[in-house]
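One file, target_34.pdb, carrying PDB, C-alpha atoms, pLDDT in the B column:
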```pdb
ATOM      1  CA  MET A1067       0.000   0.000   0.000  1.00 61.00           C
ATOM      2  CA  SER A1068       1.328   3.424  -0.890  1.00 70.00           C
ATOM      3  CA  GLN A1069       2.070   6.018   1.746  1.00 71.00           C
ATOM      4  CA  THR A1070      -0.858   8.129   0.533  1.00 68.00           C
ATOM      5  CA  GLY A1071      -3.156   5.106   0.842  1.00 64.00           C
ATOM      6  CA  GLN A1072      -1.882   4.440   4.354  1.00 70.00           C
ATOM      7  CA  ARG A1073      -2.503   8.067   5.328  1.00 74.00           C
ATOM      8  CA  ASP A1074      -6.034   7.931   3.927  1.00 68.00           C
ATOM      9  CA  LEU A1075      -6.694   4.678   5.771  1.00 65.00           C
ATOM     10  CA  ALA A1076      -5.343   6.120   9.028  1.00 71.00           C
ATOM     11  CA  LYS A1077      -7.436   9.285   8.595  1.00 70.00           C
ATOM     12  CA  GLU A1078     -10.638   7.332   7.933  1.00 67.00           C
ATOM     13  CA  THR A1079      -9.954   4.950  10.825  1.00 70.00           C
ATOM     14  CA  LEU A1080      -9.471   7.939  13.121  1.00 72.00           C
ATOM     15  CA  LEU A1081     -12.784   9.444  11.981  1.00 67.00           C
ATOM     16  CA  TYR A1082     -14.614   6.139  12.588  1.00 66.00           C
ATOM     17  CA  ALA A1083     -13.067   5.873  16.063  1.00 70.00           C
ATOM     18  CA  LEU A1084     -13.921   9.501  16.870  1.00 72.00           C
ATOM     19  CA  ALA A1085     -17.527   8.905  15.849  1.00 67.00           C
ATOM     20  CA  MET A1086     -17.828   6.085  18.366  1.00 66.00           C
ATOM     21  CA  VAL A1087     -16.123   8.087  21.143  1.00 73.00           C
ATOM     22  CA  VAL A1088     -18.247  11.196  20.536  1.00 70.00           C
ATOM     23  CA  SER A1089     -21.404   9.089  20.628  1.00 67.00           C
ATOM     24  CA  GLY A1090     -20.408   7.723  24.031  1.00 71.00           C
ATOM     25  CA  LEU A1091     -19.510  11.187  25.338  1.00 75.00           C
ATOM     26  CA  VAL A1092     -22.913  12.552  24.367  1.00 70.00           C
ATOM     27  CA  GLN A1093     -24.536   9.782  26.389  1.00 71.00           C
ATOM     28  CA  PHE A1094     -22.180  10.515  29.310  1.00 78.00           C
ATOM     29  CA  ALA A1095     -23.132  14.197  29.155  1.00 79.00           C
ATOM     30  CA  PHE A1096     -26.756  13.159  29.743  1.00 77.00           C
ATOM     31  CA  LEU A1097     -25.954  11.869  33.270  1.00 78.00           C
ATOM     32  CA  PRO A1098     -26.286  15.241  35.102  1.00 83.00           C
ATOM     33  CA  PHE A1099     -29.779  15.647  33.646  1.00 80.00           C
ATOM     34  CA  MET A1100     -30.739  12.188  34.873  1.00 76.00           C
ATOM     35  CA  SER A1101     -29.402  12.740  38.378  1.00 80.00           C
ATOM     36  CA  THR A1102     -31.040  16.171  38.679  1.00 86.00           C
ATOM     37  CA  PHE A1103     -34.487  15.637  37.223  1.00 87.00           C
ATOM     38  CA  LEU A1104     -35.219  11.920  37.639  1.00 85.00           C
ATOM     39  CA  THR A1105     -35.899   9.918  40.757  1.00 88.00           C
ATOM     40  CA  PRO A1106     -33.833   6.749  41.228  1.00 87.00           C
ATOM     41  CA  GLU A1107     -36.870   4.686  40.177  1.00 88.00           C
ATOM     42  CA  GLN A1108     -37.344   6.714  36.988  1.00 87.00           C
ATOM     43  CA  ALA A1109     -33.635   6.483  36.186  1.00 85.00           C
ATOM     44  CA  GLY A1110     -33.820   2.719  36.696  1.00 87.00           C
ATOM     45  CA  GLU A1111     -36.801   2.429  34.369  1.00 89.00           C
ATOM     46  CA  LEU A1112     -35.004   4.559  31.800  1.00 87.00           C
ATOM     47  CA  GLY A1113     -32.016   2.218  32.072  1.00 86.00           C
ATOM     48  CA  VAL A1114     -34.231  -0.837  31.557  1.00 89.00           C
ATOM     49  CA  ILE A1115     -35.875   0.769  28.534  1.00 90.00           C
ATOM     50  CA  ARG A1116     -32.454   1.631  27.051  1.00 87.00           C
ATOM     51  CA  ILE A1117     -31.272  -1.952  27.530  1.00 88.00           C
ATOM     52  CA  VAL A1118     -34.446  -3.332  25.933  1.00 89.00           C
ATOM     53  CA  SER A1119     -34.042  -0.924  23.004  1.00 88.00           C
ATOM     54  CA  GLU A1120     -30.408  -2.021  22.530  1.00 86.00           C
ATOM     55  CA  ILE A1121     -31.499  -5.677  22.553  1.00 88.00           C
ATOM     56  CA  ILE A1122     -34.168  -4.926  19.950  1.00 87.00           C
ATOM     57  CA  ALA A1123     -31.654  -2.998  17.830  1.00 85.00           C
ATOM     58  CA  GLY A1124     -29.174  -5.860  18.049  1.00 84.00           C
ATOM     59  CA  ILE A1125     -31.751  -8.448  17.041  1.00 85.00           C
ATOM     60  CA  VAL A1126     -33.085  -6.336  14.180  1.00 82.00           C
ATOM     61  CA  VAL A1127     -29.635  -5.657  12.727  1.00 82.00           C
ATOM     62  CA  LEU A1128     -27.872  -9.021  13.373  1.00 79.00           C
ATOM     63  CA  GLY A1129     -24.786  -8.492  11.214  1.00 73.00           C
ATOM     64  CA  LEU A1130     -26.628  -6.648   8.482  1.00 76.00           C
ATOM     65  CA  PRO A1131     -24.186  -3.686   8.261  1.00 74.00           C
ATOM     66  CA  ALA A1132     -21.238  -5.975   7.470  1.00 74.00           C
ATOM     67  CA  SER A1133     -23.236  -7.863   4.855  1.00 76.00           C
ATOM     68  CA  ILE A1134     -24.386  -4.588   3.275  1.00 77.00           C
ATOM     69  CA  ILE A1135     -20.787  -3.430   2.926  1.00 75.00           C
ATOM     70  CA  ARG A1136     -19.809  -6.785   1.407  1.00 77.00           C
ATOM     71  CA  ALA A1137     -22.776  -6.760  -1.006  1.00 78.00           C
ATOM     72  CA  TRP A1138     -22.087  -3.129  -1.931  1.00 75.00           C
ATOM     73  CA  HIS A1139     -18.629  -4.073  -3.207  1.00 77.00           C
ATOM     74  CA  ARG A1140     -19.690  -7.288  -4.955  1.00 81.00           C
ATOM     75  CA  THR A1141     -22.376  -5.782  -7.172  1.00 79.00           C
ATOM     76  CA  ASP A1142     -23.097  -2.609  -9.062  1.00 82.00           C
ATOM     77  CA  ALA A1143     -26.826  -2.895  -8.288  1.00 81.00           C
ATOM     78  CA  HIS A1144     -26.584  -0.488  -5.365  1.00 75.00           C
ATOM     79  CA  ARG A1145     -30.306   0.343  -5.459  1.00 79.00           C
ATOM     80  CA  ALA A1146     -31.145  -3.332  -4.896  1.00 82.00           C
ATOM     81  CA  VAL A1147     -28.714  -3.500  -1.973  1.00 78.00           C
ATOM     82  CA  LEU A1148     -30.292  -0.359  -0.516  1.00 77.00           C
ATOM     83  CA  ALA A1149     -33.842  -1.669  -0.944  1.00 80.00           C
ATOM     84  CA  ARG A1150     -33.046  -5.036   0.644  1.00 80.00           C
ATOM     85  CA  SER A1151     -31.168  -3.433   3.508  1.00 78.00           C
ATOM     86  CA  ILE A1152     -34.168  -1.257   4.337  1.00 78.00           C
ATOM     87  CA  LEU A1153     -36.782  -4.008   3.935  1.00 82.00           C
ATOM     88  CA  PHE A1154     -34.906  -6.824   5.705  1.00 82.00           C
ATOM     89  CA  PRO A1155     -34.973  -5.261   9.220  1.00 84.00           C
ATOM     90  CA  LEU A1156     -38.732  -4.727   9.042  1.00 87.00           C
ATOM     91  CA  ALA A1157     -39.522  -8.438   9.640  1.00 87.00           C
ATOM     92  CA  PRO A1158     -37.770  -8.761  13.040  1.00 87.00           C
ATOM     93  CA  LEU A1159     -39.032  -5.297  13.952  1.00 89.00           C
ATOM     94  CA  PHE A1160     -42.595  -6.429  13.248  1.00 91.00           C
ATOM     95  CA  VAL A1161     -42.097  -9.612  15.311  1.00 91.00           C
ATOM     96  CA  SER A1162     -40.715  -7.505  18.177  1.00 89.00           C
ATOM     97  CA  ALA A1163     -43.748  -5.209  17.958  1.00 91.00           C
ATOM     98  CA  VAL A1164     -46.118  -8.180  18.151  1.00 93.00           C
ATOM     99  CA  LEU A1165     -44.241  -9.587  21.164  1.00 91.00           C
ATOM    100  CA  VAL A1166     -44.377  -6.210  22.923  1.00 90.00           C
ATOM    101  CA  ALA A1167     -48.100  -5.882  22.177  1.00 91.00           C
ATOM    102  CA  VAL A1168     -48.920  -9.398  23.391  1.00 93.00           C
ATOM    103  CA  PHE A1169     -46.514  -9.776  26.320  1.00 93.00           C
ATOM    104  CA  GLY A1170     -45.865  -6.131  27.281  1.00 90.00           C
ATOM    105  CA  ASP A1171     -47.632  -6.336  30.650  1.00 92.00           C
ATOM    106  CA  LYS A1172     -45.845  -9.555  31.631  1.00 94.00           C
ATOM    107  CA  ILE A1173     -42.472  -8.157  30.589  1.00 90.00           C
ATOM    108  CA  ALA A1174     -43.174  -4.949  32.521  1.00 91.00           C
ATOM    109  CA  GLY A1175     -43.985  -6.942  35.647  1.00 92.00           C
ATOM    110  CA  LEU A1176     -40.898  -9.096  35.268  1.00 91.00           C
ATOM    111  CA  LEU A1177     -38.599  -6.093  34.808  1.00 90.00           C
ATOM    112  CA  HIS A1178     -40.400  -3.922  37.411  1.00 89.00           C
ATOM    113  CA  VAL A1179     -41.410  -1.232  34.920  1.00 90.00           C
ATOM    114  CA  THR A1180     -44.518   0.684  35.974  1.00 89.00           C
ATOM    115  CA  ASP A1181     -45.962   1.298  32.502  1.00 89.00           C
ATOM    116  CA  ALA A1182     -45.895  -1.358  29.783  1.00 89.00           C
ATOM    117  CA  SER A1183     -46.328   1.312  27.106  1.00 89.00           C
ATOM    118  CA  LEU A1184     -42.715   2.313  27.754  1.00 90.00           C
ATOM    119  CA  PHE A1185     -41.763  -0.797  25.804  1.00 90.00           C
ATOM    120  CA  LEU A1186     -43.333   0.776  22.725  1.00 90.00           C
ATOM    121  CA  HIS A1187     -40.862   3.621  23.192  1.00 89.00           C
ATOM    122  CA  ALA A1188     -38.069   1.058  23.534  1.00 90.00           C
ATOM    123  CA  LEU A1189     -39.281  -0.581  20.342  1.00 91.00           C
ATOM    124  CA  ALA A1190     -39.320   2.737  18.485  1.00 90.00           C
ATOM    125  CA  LEU A1191     -35.882   3.664  19.805  1.00 88.00           C
ATOM    126  CA  GLY A1192     -34.387   0.240  19.085  1.00 88.00           C
ATOM    127  CA  GLY A1193     -35.922   0.131  15.630  1.00 88.00           C
ATOM    128  CA  SER A1194     -34.688   3.592  14.740  1.00 85.00           C
ATOM    129  CA  VAL A1195     -31.179   2.797  16.016  1.00 81.00           C
ATOM    130  CA  ALA A1196     -31.187  -0.385  13.918  1.00 83.00           C
ATOM    131  CA  LEU A1197     -32.342   1.434  10.795  1.00 82.00           C
ATOM    132  CA  LEU A1198     -29.751   4.143  11.422  1.00 79.00           C
ATOM    133  CA  GLN A1199     -27.029   1.491  11.631  1.00 77.00           C
ATOM    134  CA  VAL A1200     -28.245   0.170   8.293  1.00 78.00           C
ATOM    135  CA  ALA A1201     -28.181   3.697   6.857  1.00 76.00           C
ATOM    136  CA  LEU A1202     -24.658   4.210   8.224  1.00 74.00           C
ATOM    137  CA  SER A1203     -23.530   1.146   6.295  1.00 73.00           C
ATOM    138  CA  MET A1204     -23.928   3.001   3.009  1.00 70.00           C
ATOM    139  CA  PRO A1205     -21.369   5.781   3.678  1.00 68.00           C
ATOM    140  CA  ARG A1206     -19.067   3.198   5.280  1.00 67.00           C
ATOM    141  CA  ALA A1207     -19.300   1.038   2.154  1.00 64.00           C
ATOM    142  CA  GLN A1208     -18.371   4.017  -0.007  1.00 68.00           C
ATOM    143  CA  GLY A1209     -15.476   4.988   2.293  1.00 66.00           C
ATOM    144  CA  MET A1210     -17.139   8.251   3.320  1.00 64.00           C
ATOM    145  CA  ALA A1211     -15.702   8.525   6.820  1.00 61.00           C
ATOM    146  CA  GLY A1212     -16.692  12.185   7.212  1.00 66.00           C
ATOM    147  CA  THR A1213     -20.346  11.469   6.462  1.00 66.00           C
ATOM    148  CA  TYR A1214     -20.276   8.505   8.841  1.00 64.00           C
ATOM    149  CA  PHE A1215     -18.807  10.740  11.562  1.00 64.00           C
ATOM    150  CA  ALA A1216     -21.499  13.400  11.056  1.00 67.00           C
ATOM    151  CA  ILE A1217     -24.347  10.882  11.212  1.00 65.00           C
ATOM    152  CA  GLN A1218     -22.881   9.064  14.219  1.00 62.00           C
ATOM    153  CA  PHE A1219     -22.353  12.401  15.991  1.00 62.00           C
ATOM    154  CA  ALA A1220     -25.963  13.400  15.333  1.00 62.00           C
ATOM    155  CA  ARG A1221     -27.123  10.015  16.626  1.00 59.00           C
ATOM    156  CA  GLY A1222     -25.166  10.608  19.875  1.00 54.00           C
TER     157      GLY A1222
END
```
Starting from the file, give its structure as structure tokens.
Amino acid sequence: MSQTGQRDLAKETLLYALAMVVSGLVQFAFLPFMSTFLTPEQAGELGVIRIVSEIIAGIVVLGLPASIIRAWHRTDAHRAVLARSILFPLAPLFVSAVLVAVFGDKIAGLLHVTDASLFLHALALGGSVALLQVALSMPRAQGMAGTYFAIQFARG
């Protein structure tokens, strides 16, 4: 690899790493708000909802970003890759929505959450995070580290 290629690779790697760090720092900056305005019970419920949303996001995505990047480079039919990558996560998202609708009260009791409708918020948050990860796969596949950084920063 040429020295210019190595510099470009190092620059893009740094931008990807910064995007992840900035995202974590934004979440860390939210802590004073939580400790000031929320009771310990509310903060605990918020934590449970965040964990549930991360589980939903993980299930909905399940390795899809890596496969999108691979498919992007194997074919010139980028519209087909984009369409499949948007449609594929909808099936597990729908199944998650049905499970929340049917078993929401039981899950709320098990996790000591006062309002089962909070799981709908977790579903919306997890689904949007999953779809954002899919959307972030496109600039990553094209090597657009700056765009990836901007989107990841906005996600924060």
Q: Measure the distance from atom CA of A:Ala1149 to atom CA of A:Glu1120 in Å and round it to one decimal.
A: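 Spanning atom CA of A:Ala1149 to atom CA of A:Glu1120 is a straight-line distance of 23.7 Å.
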Q. With all atoms listed in the file as the basis for distance, which of A:Ile1135, A:Val1092, A:Arg1140, A:Ala1163 is at the shortest distance from A:His1187?
A.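 Answer, going by the shortest atom-to-atom distance: A:Ala1163.
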Q) For the atom pair atom CA of A:Leu1153 and atom CA of A:Leu1112, what is the interatomic distance in Å to one decimal place? A) 29.2 Å
Q: Tell me which residues the PyMOL selection byres ((chain A and resi 1123) around 12) grabs here, as number ranges by chain.
A: A: 1116-1122, 1124-1130, 1155-1156, 1158-1159, 1162, 1188-1200
**Q.** Pick from A:Ala1132, A:Ala1201, A:Leu1104, A:Phe1185 nearest to A:Lys1172, counting all atoms listed in the file
**A.**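 Once distances to A:Lys1172 are computed over all atoms listed in the file, the minimum belongs to A:Phe1185.
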Q: Can you work out the spacing between atom CA of A:Phe1096 and atom CA of A:Gln1108 in Å, to one decimal?
A: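 Taking atom CA of A:Phe1096 as the start and atom CA of A:Gln1108 as the end point, the length is 14.4 Å.
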(Q) Considering all atoms listed in the file, can you say which of A:Ile1134, A:Thr1102, A:Gly1110, A:Leu1084 comes closest to A:Ala1146? (A)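 Checking each candidate against A:Ala1146, we get A:Ile1134 as the closest.
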**Q.** Residue nearest A:Asp1171 among A:Val1114, A:Leu1080, A:Ala1143, A:Leu1186 (counting only C-alpha atoms)
**A.**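 Going through A:Val1114, A:Leu1080, A:Ala1143, A:Leu1186 one by one, the smallest distance to A:Asp1171 is for A:Leu1186.
When the distance limit is 10 Å and only C-alpha atoms are what count, the residues near A:Asp1181, minus those fewer than 6 positions from it on the same chain, are A:Glu1111, A:Gly1170, A:Asp1171, A:Ala1174, A:Gly1175.
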Suppose we keep C-alpha atoms; can you now write the selection as an mmCIF file, in the frame of the given file?
```cif
data_model
loop_
_atom_site.group_PDB
_atom_site.id
_atom_site.type_symbol
_atom_site.label_atom_id
_atom_site.label_comp_id
_atom_site.auth_asym_id
_atom_site.auth_seq_id
_atom_site.Cartn_x
_atom_site.Cartn_y
_atom_site.Cartn_z
ATOM 1 C CA GLU A 1111 -36.801 2.429 34.369
ATOM 2 C CA GLY A 1170 -45.865 -6.131 27.281
ATOM 3 C CA ASP A 1171 -47.632 -6.336 30.650
ATOM 4 C CA ALA A 1174 -43.174 -4.949 32.521
ATOM 5 C CA GLY A 1175 -43.985 -6.942 35.647
#
```
Box dimensions and centre (Å, one decimal) enclosing stretch 1143-1148 of chain A, axis-aligned, 8 Å extra per side, as JSON:
```
{"center_x": -28.9, "center_y": -1.6, "center_z": -4.4, "size_x": 20.6, "size_y": 19.8, "size_z": 23.8}
```
Could I get stretch 1147-1182 of chain A rebuilt with N, CA and C atoms, written as a JSON list (two decimals), in the coordinates of the input?
```
[["chain", "number", "residue", "atom", "x", "y", "z"],
["A", 1147, "VAL", "N", -29.31, -3.33, -3.30],
["A", 1147, "VAL", "CA", -28.71, -3.50, -1.97],
["A", 1147, "VAL", "C", -29.40, -2.57, -0.98],
["A", 1148, "LEU", "N", -29.62, -1.33, -1.38],
["A", 1148, "LEU", "CA", -30.29, -0.36, -0.52],
["A", 1148, "LEU", "C", -31.71, -0.80, -0.18],
["A", 1149, "ALA", "N", -32.45, -1.24, -1.18],
["A", 1149, "ALA", "CA", -33.84, -1.67, -0.94],
["A", 1149, "ALA", "C", -33.90, -2.87, 0.00],
["A", 1150, "ARG", "N", -33.05, -3.86, -0.24],
["A", 1150, "ARG", "CA", -33.05, -5.04, 0.64],
["A", 1150, "ARG", "C", -32.62, -4.67, 2.06],
["A", 1151, "SER", "N", -31.66, -3.78, 2.18],
["A", 1151, "SER", "CA", -31.17, -3.43, 3.51],
["A", 1151, "SER", "C", -32.19, -2.64, 4.30],
["A", 1152, "ILE", "N", -33.10, -1.97, 3.63],
["A", 1152, "ILE", "CA", -34.17, -1.26, 4.34],
["A", 1152, "ILE", "C", -35.32, -2.21, 4.66],
["A", 1153, "LEU", "N", -35.65, -3.10, 3.73],
["A", 1153, "LEU", "CA", -36.78, -4.01, 3.94],
["A", 1153, "LEU", "C", -36.47, -5.16, 4.90],
["A", 1154, "PHE", "N", -35.25, -5.67, 4.88],
["A", 1154, "PHE", "CA", -34.91, -6.82, 5.70],
["A", 1154, "PHE", "C", -35.13, -6.60, 7.21],
["A", 1155, "PRO", "N", -34.76, -5.45, 7.78],
["A", 1155, "PRO", "CA", -34.97, -5.26, 9.22],
["A", 1155, "PRO", "C", -36.44, -5.13, 9.63],
["A", 1156, "LEU", "N", -37.33, -4.92, 8.68],
["A", 1156, "LEU", "CA", -38.73, -4.73, 9.04],
["A", 1156, "LEU", "C", -39.37, -6.01, 9.60],
["A", 1157, "ALA", "N", -38.94, -7.18, 9.15],
["A", 1157, "ALA", "CA", -39.52, -8.44, 9.64],
["A", 1157, "ALA", "C", -39.24, -8.65, 11.13],
["A", 1158, "PRO", "N", -37.98, -8.60, 11.60],
["A", 1158, "PRO", "CA", -37.77, -8.76, 13.04],
["A", 1158, "PRO", "C", -38.35, -7.61, 13.85],
["A", 1159, "LEU", "N", -38.42, -6.43, 13.26],
["A", 1159, "LEU", "CA", -39.03, -5.30, 13.95],
["A", 1159, "LEU", "C", -40.52, -5.54, 14.15],
["A", 1160, "PHE", "N", -41.18, -6.09, 13.14],
["A", 1160, "PHE", "CA", -42.60, -6.43, 13.25],
["A", 1160, "PHE", "C", -42.82, -7.51, 14.30],
["A", 1161, "VAL", "N", -41.98, -8.54, 14.31],
["A", 1161, "VAL", "CA", -42.10, -9.61, 15.31],
["A", 1161, "VAL", "C", -41.90, -9.04, 16.71],
["A", 1162, "SER", "N", -40.93, -8.15, 16.88],
["A", 1162, "SER", "CA", -40.72, -7.50, 18.18],
["A", 1162, "SER", "C", -41.93, -6.70, 18.60],
["A", 1163, "ALA", "N", -42.55, -6.00, 17.65],
["A", 1163, "ALA", "CA", -43.75, -5.21, 17.96],
["A", 1163, "ALA", "C", -44.89, -6.10, 18.41],
["A", 1164, "VAL", "N", -45.06, -7.24, 17.76],
["A", 1164, "VAL", "CA", -46.12, -8.18, 18.15],
["A", 1164, "VAL", "C", -45.84, -8.72, 19.55],
["A", 1165, "LEU", "N", -44.59, -9.08, 19.83],
["A", 1165, "LEU", "CA", -44.24, -9.59, 21.16],
["A", 1165, "LEU", "C", -44.48, -8.54, 22.24],
["A", 1166, "VAL", "N", -44.14, -7.29, 21.95],
["A", 1166, "VAL", "CA", -44.38, -6.21, 22.92],
["A", 1166, "VAL", "C", -45.87, -6.01, 23.13],
["A", 1167, "ALA", "N", -46.65, -6.07, 22.06],
["A", 1167, "ALA", "CA", -48.10, -5.88, 22.18],
["A", 1167, "ALA", "C", -48.75, -7.01, 22.97],
["A", 1168, "VAL", "N", -48.30, -8.24, 22.74],
["A", 1168, "VAL", "CA", -48.92, -9.40, 23.39],
["A", 1168, "VAL", "C", -48.42, -9.58, 24.82],
["A", 1169, "PHE", "N", -47.10, -9.46, 25.02],
["A", 1169, "PHE", "CA", -46.51, -9.78, 26.32],
["A", 1169, "PHE", "C", -46.00, -8.56, 27.08],
["A", 1170, "GLY", "N", -46.37, -7.35, 26.65],
["A", 1170, "GLY", "CA", -45.86, -6.13, 27.28],
["A", 1170, "GLY", "C", -46.11, -6.06, 28.77],
["A", 1171, "ASP", "N", -47.32, -6.40, 29.22],
["A", 1171, "ASP", "CA", -47.63, -6.34, 30.65],
["A", 1171, "ASP", "C", -46.80, -7.33, 31.45],
["A", 1172, "LYS", "N", -46.64, -8.54, 30.93],
["A", 1172, "LYS", "CA", -45.84, -9.56, 31.63],
["A", 1172, "LYS", "C", -44.37, -9.15, 31.69],
["A", 1173, "ILE", "N", -43.87, -8.60, 30.60],
["A", 1173, "ILE", "CA", -42.47, -8.16, 30.59],
["A", 1173, "ILE", "C", -42.29, -7.00, 31.56],
["A", 1174, "ALA", "N", -43.25, -6.09, 31.60],
["A", 1174, "ALA", "CA", -43.17, -4.95, 32.52],
["A", 1174, "ALA", "C", -43.15, -5.42, 33.97],
["A", 1175, "GLY", "N", -43.98, -6.40, 34.29],
["A", 1175, "GLY", "CA", -43.98, -6.94, 35.65],
["A", 1175, "GLY", "C", -42.68, -7.63, 35.99],
["A", 1176, "LEU", "N", -42.15, -8.38, 35.05],
["A", 1176, "LEU", "CA", -40.90, -9.10, 35.27],
["A", 1176, "LEU", "C", -39.73, -8.14, 35.48],
["A", 1177, "LEU", "N", -39.71, -7.05, 34.73],
["A", 1177, "LEU", "CA", -38.60, -6.09, 34.81],
["A", 1177, "LEU", "C", -38.88, -4.92, 35.75],
["A", 1178, "HIS", "N", -40.01, -4.96, 36.45],
["A", 1178, "HIS", "CA", -40.40, -3.92, 37.41],
["A", 1178, "HIS", "C", -40.49, -2.54, 36.76],
["A", 1179, "VAL", "N", -41.14, -2.49, 35.61],
["A", 1179, "VAL", "CA", -41.41, -1.23, 34.92],
["A", 1179, "VAL", "C", -42.88, -0.90, 35.15],
["A", 1180, "THR", "N", -43.16, 0.33, 35.57],
["A", 1180, "THR", "CA", -44.52, 0.68, 35.97],
["A", 1180, "THR", "C", -45.51, 0.75, 34.82],
["A", 1181, "ASP", "N", -45.05, 1.11, 33.63],
["A", 1181, "ASP", "CA", -45.96, 1.30, 32.50],
["A", 1181, "ASP", "C", -45.48, 0.48, 31.31],
["A", 1182, "ALA", "N", -46.28, -0.48, 30.90],
["A", 1182, "ALA", "CA", -45.90, -1.36, 29.78],
["A", 1182, "ALA", "C", -45.77, -0.60, 28.47]]
```
